[in-house]
$ cat upload_9.cif   # mmCIF, C-alpha atoms and all ligand atoms
data_query
#
loop_
_atom_site.label_atom_id
_atom_site.label_comp_id
_atom_site.auth_asym_id
_atom_site.auth_seq_id
_atom_site.Cartn_x
_atom_site.Cartn_y
_atom_site.Cartn_z
CA MET A 1262 -63.15 19.42 -55.51
CA LYS A 1263 -66.19 18.63 -53.51
CA GLU A 1264 -65.95 15.08 -54.80
CA ARG A 1265 -62.27 14.89 -53.86
CA LEU A 1266 -63.06 15.91 -50.30
CA GLU A 1267 -65.88 13.42 -50.02
CA ALA A 1268 -63.76 10.62 -51.47
CA LEU A 1269 -61.03 11.49 -49.01
CA ARG A 1270 -63.41 11.31 -46.05
CA ASP A 1271 -64.78 7.95 -47.22
CA ALA A 1272 -61.29 6.52 -47.76
CA ALA A 1273 -60.14 7.64 -44.31
CA PHE A 1274 -63.22 6.27 -42.55
CA LYS A 1275 -62.83 2.98 -44.32
CA GLU A 1276 -59.19 2.65 -43.30
CA ILE A 1277 -60.06 3.41 -39.70
CA GLN A 1278 -62.63 0.67 -39.60
CA ASP A 1279 -60.19 -2.00 -40.87
CA ASN A 1280 -58.77 -3.40 -37.64
CA ILE A 1281 -56.37 -0.53 -37.12
CA ASP A 1282 -53.91 -0.27 -34.19
CA LEU A 1283 -52.67 2.82 -32.36
CA ASN A 1284 -49.55 3.26 -34.48
CA GLU A 1285 -51.43 2.87 -37.73
CA LEU A 1286 -53.98 5.38 -36.49
CA GLU A 1287 -51.26 7.94 -35.89
CA GLU A 1288 -49.83 7.30 -39.39
CA LEU A 1289 -53.29 7.83 -40.79
CA ARG A 1290 -53.69 11.11 -38.93
CA VAL A 1291 -50.44 12.40 -40.42
CA LYS A 1292 -51.41 11.16 -43.86
CA PHE A 1293 -54.77 12.97 -43.92
CA LEU A 1294 -54.55 15.84 -41.44
CA GLY A 1295 -50.81 16.53 -41.24
CA LYS A 1296 -49.08 19.62 -42.63
CA LYS A 1297 -48.23 17.75 -45.80
CA GLY A 1298 -51.42 15.69 -45.66
CA GLU A 1299 -54.22 15.16 -48.15
CA ILE A 1300 -56.48 17.96 -46.92
CA THR A 1301 -53.69 20.51 -47.14
CA LYS A 1302 -53.01 19.35 -50.69
CA ILE A 1303 -56.63 19.95 -51.66
CA LEU A 1304 -56.72 23.35 -49.99
CA ARG A 1305 -53.65 24.34 -51.96
CA ASP A 1306 -55.70 24.10 -55.16
CA MET A 1307 -58.36 26.52 -53.79
CA GLY A 1308 -56.81 29.34 -55.83
CA LYS A 1309 -58.17 27.79 -58.97
CA LEU A 1310 -61.75 28.12 -57.70
CA SER A 1311 -64.20 30.90 -58.44
CA ALA A 1312 -64.78 33.50 -55.70
CA GLU A 1313 -68.26 32.10 -54.87
CA MET A 1314 -67.07 28.50 -54.63
CA ARG A 1315 -64.08 29.24 -52.40
CA PRO A 1316 -65.98 29.75 -49.08
CA VAL A 1317 -68.23 26.78 -49.85
CA ILE A 1318 -65.29 24.43 -50.41
CA GLY A 1319 -63.40 26.04 -47.52
CA GLN A 1320 -66.27 25.32 -45.16
CA MET A 1321 -66.60 21.81 -46.45
CA ALA A 1322 -62.86 21.17 -46.00
CA ASN A 1323 -63.16 22.33 -42.38
CA GLU A 1324 -66.09 19.98 -41.86
CA VAL A 1325 -64.21 17.04 -43.32
CA ARG A 1326 -61.20 17.87 -41.12
CA ALA A 1327 -63.40 18.08 -38.02
CA ASP A 1328 -65.12 14.81 -38.90
CA LEU A 1329 -61.80 13.06 -39.35
CA GLU A 1330 -60.36 14.51 -36.15
CA ASN A 1331 -63.37 13.37 -34.16
CA LYS A 1332 -63.31 9.93 -35.68
CA ILE A 1333 -59.58 9.53 -35.04
CA ASN A 1334 -59.82 10.73 -31.42
CA GLU A 1335 -62.78 8.53 -30.75
CA THR A 1336 -61.01 5.50 -32.22
CA LYS A 1337 -57.90 6.29 -30.24
CA GLU A 1338 -59.84 6.21 -26.96
CA ILE A 1339 -61.44 2.89 -27.89
CA LEU A 1340 -58.07 1.36 -28.78
CA LYS A 1341 -56.48 2.60 -25.56
CA THR A 1342 -59.25 1.13 -23.44
CA LYS A 1343 -58.97 -2.15 -25.30
CA ALA A 1344 -55.18 -2.29 -24.75
CA LYS A 1345 -55.66 -1.60 -21.05
CA GLU A 1346 -58.26 -4.34 -20.72
CA GLN A 1347 -56.01 -6.79 -22.49
CA ARG A 1348 -53.13 -5.93 -20.17
CA ILE A 1349 -55.29 -6.38 -17.07
CA ASP A 1350 -56.52 -9.71 -18.41
CA SER A 1351 -53.02 -10.99 -19.14
CA GLU A 1352 -51.69 -9.90 -15.74
CA THR A 1353 -54.38 -11.58 -13.72
CA ILE A 1354 -53.13 -14.07 -11.14
CA ASP A 1355 -55.28 -17.12 -10.82
CA ILE A 1356 -55.22 -17.78 -7.09
CA THR A 1357 -57.10 -21.02 -7.57
CA VAL A 1358 -54.16 -22.68 -9.40
CA ASN A 1359 -52.88 -25.60 -7.34
CA THR A 1360 -49.38 -24.87 -6.05
CA LYS A 1361 -49.11 -27.85 -3.71
CA ASP A 1362 -46.66 -29.59 -6.00
CA ILE A 1363 -44.09 -26.77 -5.91
CA LYS A 1364 -40.95 -28.08 -4.19
CA ARG A 1365 -39.78 -25.80 -1.44
CA GLY A 1366 -36.19 -25.65 -0.20
CA HIS A 1367 -35.13 -26.16 3.38
CA ARG A 1368 -32.95 -24.19 5.77
CA HIS A 1369 -29.44 -25.57 5.38
CA PRO A 1370 -27.91 -27.28 8.45
CA LEU A 1371 -24.72 -25.23 7.94
CA ILE A 1372 -26.60 -21.95 8.06
CA GLN A 1373 -28.52 -23.19 11.11
CA THR A 1374 -25.24 -24.13 12.80
CA ALA A 1375 -23.57 -20.83 11.90
CA GLU A 1376 -26.51 -18.86 13.30
CA GLU A 1377 -26.55 -20.96 16.45
CA LEU A 1378 -22.83 -20.27 16.96
CA GLU A 1379 -23.33 -16.56 16.33
CA ASP A 1380 -26.24 -16.46 18.79
CA LEU A 1381 -24.12 -18.07 21.49
CA PHE A 1382 -21.41 -15.46 21.03
CA ILE A 1383 -23.93 -12.62 20.83
CA SER A 1384 -25.17 -13.75 24.26
CA MET A 1385 -21.57 -13.33 25.50
CA GLY A 1386 -21.42 -9.75 24.24
CA PHE A 1387 -19.80 -10.30 20.83
CA SER A 1388 -20.86 -8.40 17.71
CA VAL A 1389 -21.33 -10.19 14.40
CA VAL A 1390 -19.39 -8.78 11.44
CA THR A 1391 -18.80 -10.02 7.89
CA GLY A 1392 -15.93 -9.86 5.45
CA PRO A 1393 -15.51 -10.46 1.71
CA GLU A 1394 -14.74 -13.90 0.26
CA ILE A 1395 -12.33 -12.30 -2.21
CA GLU A 1396 -9.52 -10.95 -0.02
CA THR A 1397 -6.24 -9.17 -0.45
CA VAL A 1398 -3.02 -11.14 0.04
CA GLU A 1399 -2.18 -8.38 2.52
CA ASN A 1400 -5.19 -9.11 4.80
CA ASN A 1401 -5.16 -12.89 4.33
CA PHE A 1402 -1.42 -13.38 4.95
CA ASP A 1403 0.85 -10.32 5.39
CA ALA A 1404 -0.99 -8.43 8.12
CA LEU A 1405 -1.58 -11.74 9.92
CA ASN A 1406 2.16 -12.10 10.31
CA SER A 1407 2.38 -15.03 7.92
CA PRO A 1408 6.01 -15.38 6.74
CA ASP A 1409 6.73 -15.06 3.00
CA ASN A 1410 7.65 -18.72 2.79
CA HIS A 1411 4.66 -20.05 4.74
CA PRO A 1412 3.40 -23.19 2.95
CA SER A 1413 -0.24 -22.02 2.99
CA ARG A 1414 0.77 -19.21 0.58
CA ASP A 1415 1.68 -21.76 -2.05
CA LEU A 1416 -0.18 -21.77 -5.36
CA SER A 1417 -0.95 -25.41 -4.70
CA ASP A 1418 -2.83 -24.51 -1.50
CA THR A 1419 -4.52 -21.23 -2.31
CA PHE A 1420 -6.77 -19.99 -5.12
CA TYR A 1421 -5.14 -16.77 -6.34
CA ILE A 1422 -7.01 -14.33 -8.54
CA ASN A 1423 -3.88 -12.29 -9.26
CA ASP A 1424 -0.76 -11.23 -7.33
CA GLU A 1425 -2.78 -9.18 -4.87
CA LEU A 1426 -6.12 -10.96 -4.61
CA LEU A 1427 -7.20 -14.47 -3.58
CA LEU A 1428 -10.17 -16.46 -2.31
CA ARG A 1429 -9.66 -16.15 1.46
CA THR A 1430 -8.16 -19.31 2.96
CA HIS A 1431 -9.61 -18.58 6.42
CA THR A 1432 -11.85 -16.04 8.15
CA SER A 1433 -8.88 -14.57 10.04
CA PRO A 1434 -8.55 -11.58 7.64
CA VAL A 1435 -11.82 -10.32 9.14
CA GLN A 1436 -9.76 -9.76 12.32
CA ILE A 1437 -7.54 -7.37 10.37
CA ARG A 1438 -10.45 -5.56 8.76
CA SER A 1439 -12.26 -5.19 12.10
CA MET A 1440 -9.22 -3.94 14.04
CA LYS A 1441 -8.42 -1.41 11.31
CA LYS A 1442 -12.03 -0.23 11.13
CA TYR A 1443 -13.05 -0.22 14.80
CA GLY A 1444 -9.77 -0.18 16.76
CA ALA A 1445 -9.72 -1.37 20.39
CA PRO A 1446 -11.52 -2.48 22.51
CA LEU A 1447 -13.23 -5.01 20.28
CA ARG A 1448 -15.26 -8.21 20.58
CA ILE A 1449 -16.38 -9.76 17.29
CA VAL A 1450 -17.25 -13.02 15.59
CA SER A 1451 -17.48 -13.55 11.85
CA ALA A 1452 -18.80 -16.59 9.97
CA GLY A 1453 -18.44 -17.28 6.27
CA ARG A 1454 -17.06 -19.22 3.33
CA THR A 1455 -13.40 -20.07 2.97
CA PHE A 1456 -11.46 -21.75 0.15
CA ARG A 1457 -8.46 -24.04 -0.17
CA TYR A 1458 -6.99 -26.06 -2.99
CA ASP A 1459 -8.09 -29.38 -1.49
CA ASP A 1460 -9.24 -32.54 -3.20
CA VAL A 1461 -12.74 -33.60 -2.24
CA ASP A 1462 -13.04 -36.51 0.19
CA ASP A 1463 -15.19 -37.42 3.21
CA THR A 1464 -13.82 -34.59 5.31
CA HIS A 1465 -12.37 -32.12 2.77
CA SER A 1466 -13.95 -29.69 0.35
CA PRO A 1467 -12.30 -26.82 -1.57
CA MET A 1468 -15.08 -24.61 -0.20
CA PHE A 1469 -15.86 -24.81 3.48
CA HIS A 1470 -16.98 -22.55 6.34
CA GLN A 1471 -15.32 -21.01 9.35
CA LEU A 1472 -16.26 -18.92 12.33
CA GLU A 1473 -13.66 -16.49 13.61
CA GLY A 1474 -13.62 -14.78 16.98
CA LEU A 1475 -11.54 -11.90 18.31
CA VAL A 1476 -11.39 -10.05 21.60
CA VAL A 1477 -9.06 -7.09 22.12
CA ASP A 1478 -9.02 -5.08 25.33
CA GLU A 1479 -6.82 -4.15 28.28
CA ASN A 1480 -5.69 -7.06 30.47
CA ILE A 1481 -6.99 -9.85 28.24
CA SER A 1482 -5.26 -13.11 29.11
CA MET A 1483 -5.18 -16.78 28.16
CA ALA A 1484 -7.53 -17.40 31.12
CA ASN A 1485 -10.20 -15.30 29.37
CA LEU A 1486 -9.71 -17.30 26.19
CA ILE A 1487 -10.04 -20.67 27.90
CA HIS A 1488 -13.05 -19.58 29.95
CA THR A 1489 -14.85 -18.17 26.89
CA LEU A 1490 -14.29 -21.28 24.78
CA ASP A 1491 -15.20 -23.63 27.65
CA ILE A 1492 -18.52 -21.89 28.17
CA PHE A 1493 -19.12 -21.86 24.45
CA ILE A 1494 -18.50 -25.62 24.06
CA LYS A 1495 -20.70 -26.46 27.06
CA GLU A 1496 -23.52 -24.31 25.69
CA LEU A 1497 -23.19 -25.92 22.28
CA PHE A 1498 -22.80 -29.60 23.17
CA GLY A 1499 -23.78 -29.95 26.85
CA ASP A 1500 -22.51 -29.33 30.39
CA ASP A 1501 -20.50 -32.56 30.56
CA MET A 1502 -18.20 -31.46 27.72
CA LYS A 1503 -14.52 -30.83 28.47
CA THR A 1504 -11.87 -29.06 26.43
CA ARG A 1505 -8.17 -29.86 26.05
CA TYR A 1506 -5.61 -27.30 24.85
CA ARG A 1507 -2.60 -28.62 22.93
CA PRO A 1508 0.29 -26.28 22.03
CA HIS A 1509 0.36 -25.45 18.34
CA HIS A 1510 1.73 -22.81 16.00
CA PHE A 1511 -0.18 -20.12 14.12
CA PRO A 1512 1.70 -17.08 12.76
CA PHE A 1513 -0.93 -14.65 14.06
CA THR A 1514 -1.11 -15.88 17.68
CA GLU A 1515 1.50 -16.41 20.38
CA PRO A 1516 1.12 -18.66 22.25
CA SER A 1517 -1.20 -20.77 20.08
CA ALA A 1518 -3.21 -23.87 20.82
CA GLU A 1519 -5.44 -26.41 19.19
CA VAL A 1520 -8.53 -27.39 21.10
CA ASP A 1521 -9.92 -30.92 21.41
CA VAL A 1522 -13.39 -31.49 22.79
CA THR A 1523 -14.92 -34.52 24.55
CA CYS A 1524 -16.09 -37.00 21.91
CA ILE A 1525 -19.76 -36.25 21.44
CA GLU A 1526 -20.58 -39.83 20.41
CA CYS A 1527 -19.28 -41.58 23.53
CA ARG A 1528 -19.06 -38.55 25.86
CA GLY A 1529 -15.45 -39.43 26.65
CA GLU A 1530 -15.77 -43.19 27.18
CA GLY A 1531 -13.82 -44.09 24.03
CA CYS A 1532 -15.42 -45.34 20.83
CA PRO A 1533 -14.52 -45.99 17.15
CA ALA A 1534 -15.52 -42.41 16.24
CA CYS A 1535 -12.77 -40.98 18.49
CA ASN A 1536 -10.28 -43.81 17.96
CA PHE A 1537 -10.93 -44.75 21.59
CA THR A 1538 -9.27 -41.53 22.80
CA GLY A 1539 -12.45 -39.99 24.20
CA TRP A 1540 -11.63 -36.73 22.34
CA SER A 1541 -12.85 -35.10 19.12
CA MET A 1542 -9.65 -33.69 17.68
CA GLU A 1543 -8.81 -30.22 16.40
CA LEU A 1544 -12.21 -28.63 16.67
CA LEU A 1545 -10.72 -25.17 17.11
CA GLY A 1546 -7.53 -23.17 16.69
CA CYS A 1547 -6.84 -20.32 19.07
CA GLY A 1548 -4.24 -18.19 20.82
CA MET A 1549 -3.22 -14.79 22.12
CA VAL A 1550 -3.11 -12.25 19.27
CA HIS A 1551 0.51 -11.69 18.22
CA PRO A 1552 1.62 -8.15 19.23
CA GLN A 1553 2.85 -7.59 15.66
CA VAL A 1554 -0.67 -8.25 14.35
CA LEU A 1555 -2.09 -5.63 16.73
CA GLU A 1556 0.57 -3.15 15.62
CA ASN A 1557 -0.12 -3.95 11.93
CA CYS A 1558 -3.66 -2.73 12.58
CA GLY A 1559 -2.63 0.42 14.45
CA ILE A 1560 -3.42 -0.94 17.94
CA ASP A 1561 -0.96 -0.20 20.76
CA SER A 1562 0.32 -3.64 21.82
CA GLU A 1563 1.73 -2.22 25.07
CA LYS A 1564 -1.73 -1.16 26.17
CA TYR A 1565 -3.89 -3.86 24.61
CA THR A 1566 -3.80 -7.64 24.39
CA GLY A 1567 -6.26 -9.99 22.75
CA PHE A 1568 -7.25 -13.53 22.04
CA ALA A 1569 -8.57 -15.08 18.85
CA PHE A 1570 -10.02 -18.36 17.74
CA GLY A 1571 -11.20 -20.02 14.55
CA MET A 1572 -13.30 -23.09 13.94
CA GLY A 1573 -14.67 -25.06 11.02
CA ILE A 1574 -18.45 -24.70 10.93
CA ASP A 1575 -18.72 -27.76 8.68
CA ARG A 1576 -16.77 -29.82 11.24
CA ILE A 1577 -19.02 -28.63 14.04
CA ALA A 1578 -22.20 -29.33 12.06
CA MET A 1579 -20.89 -32.81 11.21
CA VAL A 1580 -20.07 -33.58 14.85
CA LYS A 1581 -23.35 -32.11 16.05
CA TYR A 1582 -25.59 -33.95 13.58
CA GLY A 1583 -23.49 -37.10 13.14
CA ILE A 1584 -22.86 -36.44 9.43
CA LYS A 1585 -20.04 -38.67 8.19
CA ASP A 1586 -19.45 -37.21 4.71
CA ILE A 1587 -18.91 -33.47 4.10
CA ARG A 1588 -20.08 -33.87 0.49
CA LEU A 1589 -23.65 -34.34 1.74
CA LEU A 1590 -23.56 -30.73 2.93
CA PHE A 1591 -22.95 -29.37 -0.56
CA GLU A 1592 -25.14 -31.60 -2.74
CA ASN A 1593 -28.28 -29.70 -1.70
CA ASP A 1594 -30.45 -32.79 -1.91
CA ASN A 1595 -33.73 -31.92 -0.20
CA ARG A 1596 -34.13 -35.48 1.10
CA PHE A 1597 -30.94 -34.91 3.11
CA LEU A 1598 -31.55 -31.28 4.09
CA GLU A 1599 -35.11 -31.88 5.32
CA GLN A 1600 -33.81 -34.02 8.18
CA PHE A 1601 -32.45 -31.00 10.05
N1 LIG A 1701 -7.10 -19.36 10.73
C1 LIG A 1701 -6.82 -20.67 11.31
C2 LIG A 1701 -7.06 -21.75 10.27
O1 LIG A 1701 -7.72 -21.52 9.32
C3 LIG A 1701 -7.70 -20.91 12.48
C4 LIG A 1701 -7.34 -20.03 13.63
C5 LIG A 1701 -6.37 -20.41 14.51
C6 LIG A 1701 -7.96 -18.83 13.78
C7 LIG A 1701 -6.01 -19.61 15.56
C8 LIG A 1701 -7.61 -18.01 14.84
C9 LIG A 1701 -6.63 -18.41 15.73
O2 LIG A 1701 -8.17 -16.83 15.05
O3 LIG A 1701 -6.29 -17.62 16.75
O4 LIG A 1701 -6.56 -22.82 10.43
#

$ encode --input "upload_9.cif" --output "structure tokens"
Amino acid sequence: MKERLEALRDAAFKEIQDNIDLNELEELRVKFLGKKGEITKILRDMGKLSAEMRPVIGQMANEVRADLENKINETKEILKTKAKEQRIDSETIDITVNTKDIKRGHRHPLIQTAEELEDLFISMGFSVVTGPEIETVENNFDALNSPDNHPSRDLSDTFYINDELLLRTHTSPVQIRSMKKYGAPLRIVSAGRTFRYDDVDDTHSPMFHQLEGLVVDENISMANLIHTLDIFIKELFGDDMKTRYRPHHFPFTEPSAEVDVTCIECRGEGCPACNFTGWSMELLGCGMVHPQVLENCGIDSEKYTGFAFGMGIDRIAMVKYGIKDIRLLFENDNRFLEQF
């Protein structure tokens, strides 16, 4: 029995020395020291020993167990330290590595334009809000007073997700969301992506950007609308800029107008860019909020009136920076973007 215990200790020590890892060490502990382990097996045979030998072997078994326990614990500590050192080594960041060649992006001219527009309206007391790009048909069309047979509802114009959801075709549904959430009085602008089933050409893209504005309060009139937009255009393009309001139709405003702005290329002289009219056409849509739209959002149209406007941010960026092809805005070529 003595020999068995000694052989067991030697075998265990040898196994521990052979490049063991933490899991194997635990297996080894169970194999030798566990309840069904080797030492227990040997102790089970103690009954066969003479009375004098029993304490001797018992003591020796305890010694072997203690030796093994110590060795295993010691090895465990060493392995843990090693693992930690390896992890620290592998996670080291070499700050001397040359990163000069990493290509950085550039702030997009559309985002710059959108933020510039927002800033201008913030300075006039507007709050900036956002709305989702996936909208309900209700917010995008119904609540905006758009008749059931309005052509923009057509499958060939609008990306539907199902009968109730679509990719918003304009930022005007943010008007609905804001009026329902905040009520009146209200003064907000909202910029973001919009989507229409358009073929790509120089001036069209199925994904484009708009900025929407809405003011609701007591005694708001068309004069407030014209004054606000005039100031805005002068701030954006310069003091010599003029605006021209042409009657138009939008379901959600009455009366409605389209706004032309002095041609920024020739400053009104007439040039090829403006077809010698002196005007940049259709830069904005606007009007007095239709009373039905106010009522749809729970706002008393006897007490409150409002004006609203919407503009294409892509159009404005193109006019502002002299960009002739809208596709350049979406190709994300750094050589183009870095110019702004
Ligand atoms: N939603 C219109 C469009 O996409 C633009 C517009 C026109 C917005 C008049 C308005 C508005 O808020 O009053 O063509």

$ residues_around --input "upload_9.cif" --residues "A:Thr1455" --least-positions-apart "4" --cutoff "8 Å" --atoms "all atoms listed in the file" --output "ChimeraX atom specification"
/A:1394,1428-1432,1468-1471

$ write_last_selection --input "upload_9.cif" --atoms "C-alpha atoms" --output "PDB file, in the frame of the given file"
ATOM      1  CA  GLU A1394     -14.740 -13.900   0.260  1.00  0.00           C
ATOM      2  CA  LEU A1428     -10.170 -16.460  -2.310  1.00  0.00           C
ATOM      3  CA  ARG A1429      -9.660 -16.150   1.460  1.00  0.00           C
ATOM      4  CA  THR A1430      -8.160 -19.310   2.960  1.00  0.00           C
ATOM      5  CA  HIS A1431      -9.610 -18.580   6.420  1.00  0.00           C
ATOM      6  CA  THR A1432     -11.850 -16.040   8.150  1.00  0.00           C
ATOM      7  CA  MET A1468     -15.080 -24.610  -0.200  1.00  0.00           C
ATOM      8  CA  PHE A1469     -15.860 -24.810   3.480  1.00  0.00           C
ATOM      9  CA  HIS A1470     -16.980 -22.550   6.340  1.00  0.00           C
ATOM     10  CA  GLN A1471     -15.320 -21.010   9.350  1.00  0.00           C
TER      11      GLN A1471
END

$ residues_around --input "upload_9.cif" --residues "stretch 1264-1269 of chain A" --least-positions-apart "4" --cutoff "9 Å" --atoms "all atoms listed in the file" --output "count of residues only"
10

$ closest_residue --input "upload_9.cif" --among "A:Pro1467, A:Pro1434, A:Gly1531, A:Gly1366" --to "ligand LIG 1701 (chain A)" --atoms "all atoms listed in the file"
A:Pro1434

$ closest_atom_pairs --input "upload_9.cif" --of "chain A" --to "ligand LIG 1701 (chain A)" --cutoff "9 Å" --atoms "only C-alpha atoms and all ligand atoms" --output "JSON lines"
{"residue": "A:Thr1430", "atom": "CA", "partner": "A:LIG1701", "partner_atom": "O1", "distance": 6.7}
{"residue": "A:His1431", "atom": "CA", "partner": "A:LIG1701", "partner_atom": "O1", "distance": 4.5}
{"residue": "A:Thr1432", "atom": "CA", "partner": "A:LIG1701", "partner_atom": "N1", "distance": 6.3}
{"residue": "A:Ser1433", "atom": "CA", "partner": "A:LIG1701", "partner_atom": "N1", "distance": 5.2}
{"residue": "A:Pro1434", "atom": "CA", "partner": "A:LIG1701", "partner_atom": "N1", "distance": 8.5}
{"residue": "A:Gln1436", "atom": "CA", "partner": "A:LIG1701", "partner_atom": "O2", "distance": 7.7}
{"residue": "A:Thr1455", "atom": "CA", "partner": "A:LIG1701", "partner_atom": "O1", "distance": 8.6}
{"residue": "A:Gln1471", "atom": "CA", "partner": "A:LIG1701", "partner_atom": "O1", "distance": 7.6}
{"residue": "A:Leu1472", "atom": "CA", "partner": "A:LIG1701", "partner_atom": "C6", "distance": 8.4}
{"residue": "A:Glu1473", "atom": "CA", "partner": "A:LIG1701", "partner_atom": "O2", "distance": 5.7}
{"residue": "A:Gly1474", "atom": "CA", "partner": "A:LIG1701", "partner_atom": "O2", "distance": 6.1}
{"residue": "A:Leu1475", "atom": "CA", "partner": "A:LIG1701", "partner_atom": "O2", "distance": 6.8}
{"residue": "A:His1510", "atom": "CA", "partner": "A:LIG1701", "partner_atom": "C7", "distance": 8.4}
{"residue": "A:Phe1511", "atom": "CA", "partner": "A:LIG1701", "partner_atom": "C7", "distance": 6.0}
{"residue": "A:Pro1512", "atom": "CA", "partner": "A:LIG1701", "partner_atom": "C7", "distance": 8.6}
{"residue": "A:Phe1513", "atom": "CA", "partner": "A:LIG1701", "partner_atom": "O3", "distance": 6.7}
{"residue": "A:Thr1514", "atom": "CA", "partner": "A:LIG1701", "partner_atom": "O3", "distance": 5.5}
{"residue": "A:Glu1515", "atom": "CA", "partner": "A:LIG1701", "partner_atom": "O3", "distance": 8.7}
{"residue": "A:Ser1517", "atom": "CA", "partner": "A:LIG1701", "partner_atom": "C7", "distance": 6.7}
{"residue": "A:Ala1518", "atom": "CA", "partner": "A:LIG1701", "partner_atom": "C7", "distance": 7.3}
{"residue": "A:Glu1519", "atom": "CA", "partner": "A:LIG1701", "partner_atom": "C5", "distance": 7.7}
{"residue": "A:Leu1545", "atom": "CA", "partner": "A:LIG1701", "partner_atom": "C5", "distance": 7.0}
{"residue": "A:Gly1546", "atom": "CA", "partner": "A:LIG1701", "partner_atom": "C5", "distance": 3.7}
{"residue": "A:Cys1547", "atom": "CA", "partner": "A:LIG1701", "partner_atom": "O3", "distance": 3.6}
{"residue": "A:Gly1548", "atom": "CA", "partner": "A:LIG1701", "partner_atom": "O3", "distance": 4.6}
{"residue": "A:Met1549", "atom": "CA", "partner": "A:LIG1701", "partner_atom": "O3", "distance": 6.8}
{"residue": "A:Val1550", "atom": "CA", "partner": "A:LIG1701", "partner_atom": "O3", "distance": 6.7}
{"residue": "A:Phe1568", "atom": "CA", "partner": "A:LIG1701", "partner_atom": "O3", "distance": 6.8}
{"residue": "A:Ala1569", "atom": "CA", "partner": "A:LIG1701", "partner_atom": "O3", "distance": 4.0}
{"residue": "A:Phe1570", "atom": "CA", "partner": "A:LIG1701", "partner_atom": "O2", "distance": 3.6}
{"residue": "A:Gly1571", "atom": "CA", "partner": "A:LIG1701", "partner_atom": "C6", "distance": 3.5}
{"residue": "A:Met1572", "atom": "CA", "partner": "A:LIG1701", "partner_atom": "C3", "distance": 6.2}
{"residue": "A:Gly1573", "atom": "CA", "partner": "A:LIG1701", "partner_atom": "O1", "distance": 8.0}

$ residues_around --input "upload_9.cif" --residues "stretch 1438-1449 of chain A" --least-positions-apart "4" --cutoff "6 Å" --atoms "all atoms listed in the file" --output "list of chain:residue names"
A:Phe1387, A:Ser1388, A:Val1389, A:Gly1474, A:Leu1475, A:Val1476, A:Val1477, A:Asp1478, A:Cys1558

$ residues_around --input "upload_9.cif" --residues "A:Asp1415" --least-positions-apart "3" --cutoff "12 Å" --atoms "all atoms listed in the file" --output "NGL selection string"
:A and (1398 or 1402 or 1408-1412 or 1418-1421 or 1427 or 1430 or 1457-1458)

$ atom_distance --input "upload_9.cif" --atom1 "atom CA of A:Asn1536" --atom2 "atom CA of A:Thr1523"
12.3 Å

$ closest_residue --input "upload_9.cif" --among "A:Gly1453, A:Gly1559, A:Leu1371, A:Ile1339" --to "A:Tyr1582" --atoms "all atoms listed in the file"
A:Leu1371

$ atom_distance --input "upload_9.cif" --atom1 "atom CA of A:Cys1527" --atom2 "atom CA of A:Ser1541"
10.1 Å

$ closest_residue --input "upload_9.cif" --among "A:Ala1484, A:Ile1277, A:Leu1589, A:Val1554" --to "A:Ser1407" --atoms "all atoms listed in the file"
A:Val1554

$ atom_distance --input "upload_9.cif" --atom1 "atom CA of A:His1551" --atom2 "atom CA of A:Ile1487"
16.9 Å

$ axis_aligned_box --input "upload_9.cif" --around "stretch 1475-1482 of chain A" --padding-each-side "3 Å" --output "lines of an AutoDock Vina configuration file"
center_x = -8.4
center_y = -8.6
center_z = 24.4
size_x = 12.3
size_y = 15.0
size_z = 18.2

$ closest_residue --input "upload_9.cif" --among "A:Ile1372, A:Leu1426, A:Leu1289, A:Leu1490" --to "A:Glu1396" --atoms "all atoms listed in the file"
A:Leu1426

$ residues_around --input "upload_9.cif" --residues "A:Asp1491" --least-positions-apart "4" --cutoff "9 Å" --atoms "all atoms listed in the file" --output "ChimeraX atom specification"
/A:1486-1487,1495-1496,1502-1504

$ write_last_selection --input "upload_9.cif" --atoms "C-alpha atoms" --output "PDB file, in the frame of the given file"
ATOM      1  CA  LEU A1486      -9.710 -17.300  26.190  1.00  0.00           C
ATOM      2  CA  ILE A1487     -10.040 -20.670  27.900  1.00  0.00           C
ATOM      3  CA  LYS A1495     -20.700 -26.460  27.060  1.00  0.00           C
ATOM      4  CA  GLU A1496     -23.520 -24.310  25.690  1.00  0.00           C
ATOM      5  CA  MET A1502     -18.200 -31.460  27.720  1.00  0.00           C
ATOM      6  CA  LYS A1503     -14.520 -30.830  28.470  1.00  0.00           C
ATOM      7  CA  THR A1504     -11.870 -29.060  26.430  1.00  0.00           C
TER       8      THR A1504
END

$ closest_residue --input "upload_9.cif" --among "A:Lys1341, A:Arg1454, A:Arg1326, A:Arg1576" --to "A:Arg1588" --atoms "all atoms listed in the file"
A:Arg1576

$ closest_residue --input "upload_9.cif" --among "A:Leu1598, A:Asp1500, A:Asn1400, A:Ser1451" --to "A:Ala1375" --atoms "all atoms listed in the file"
A:Ser1451
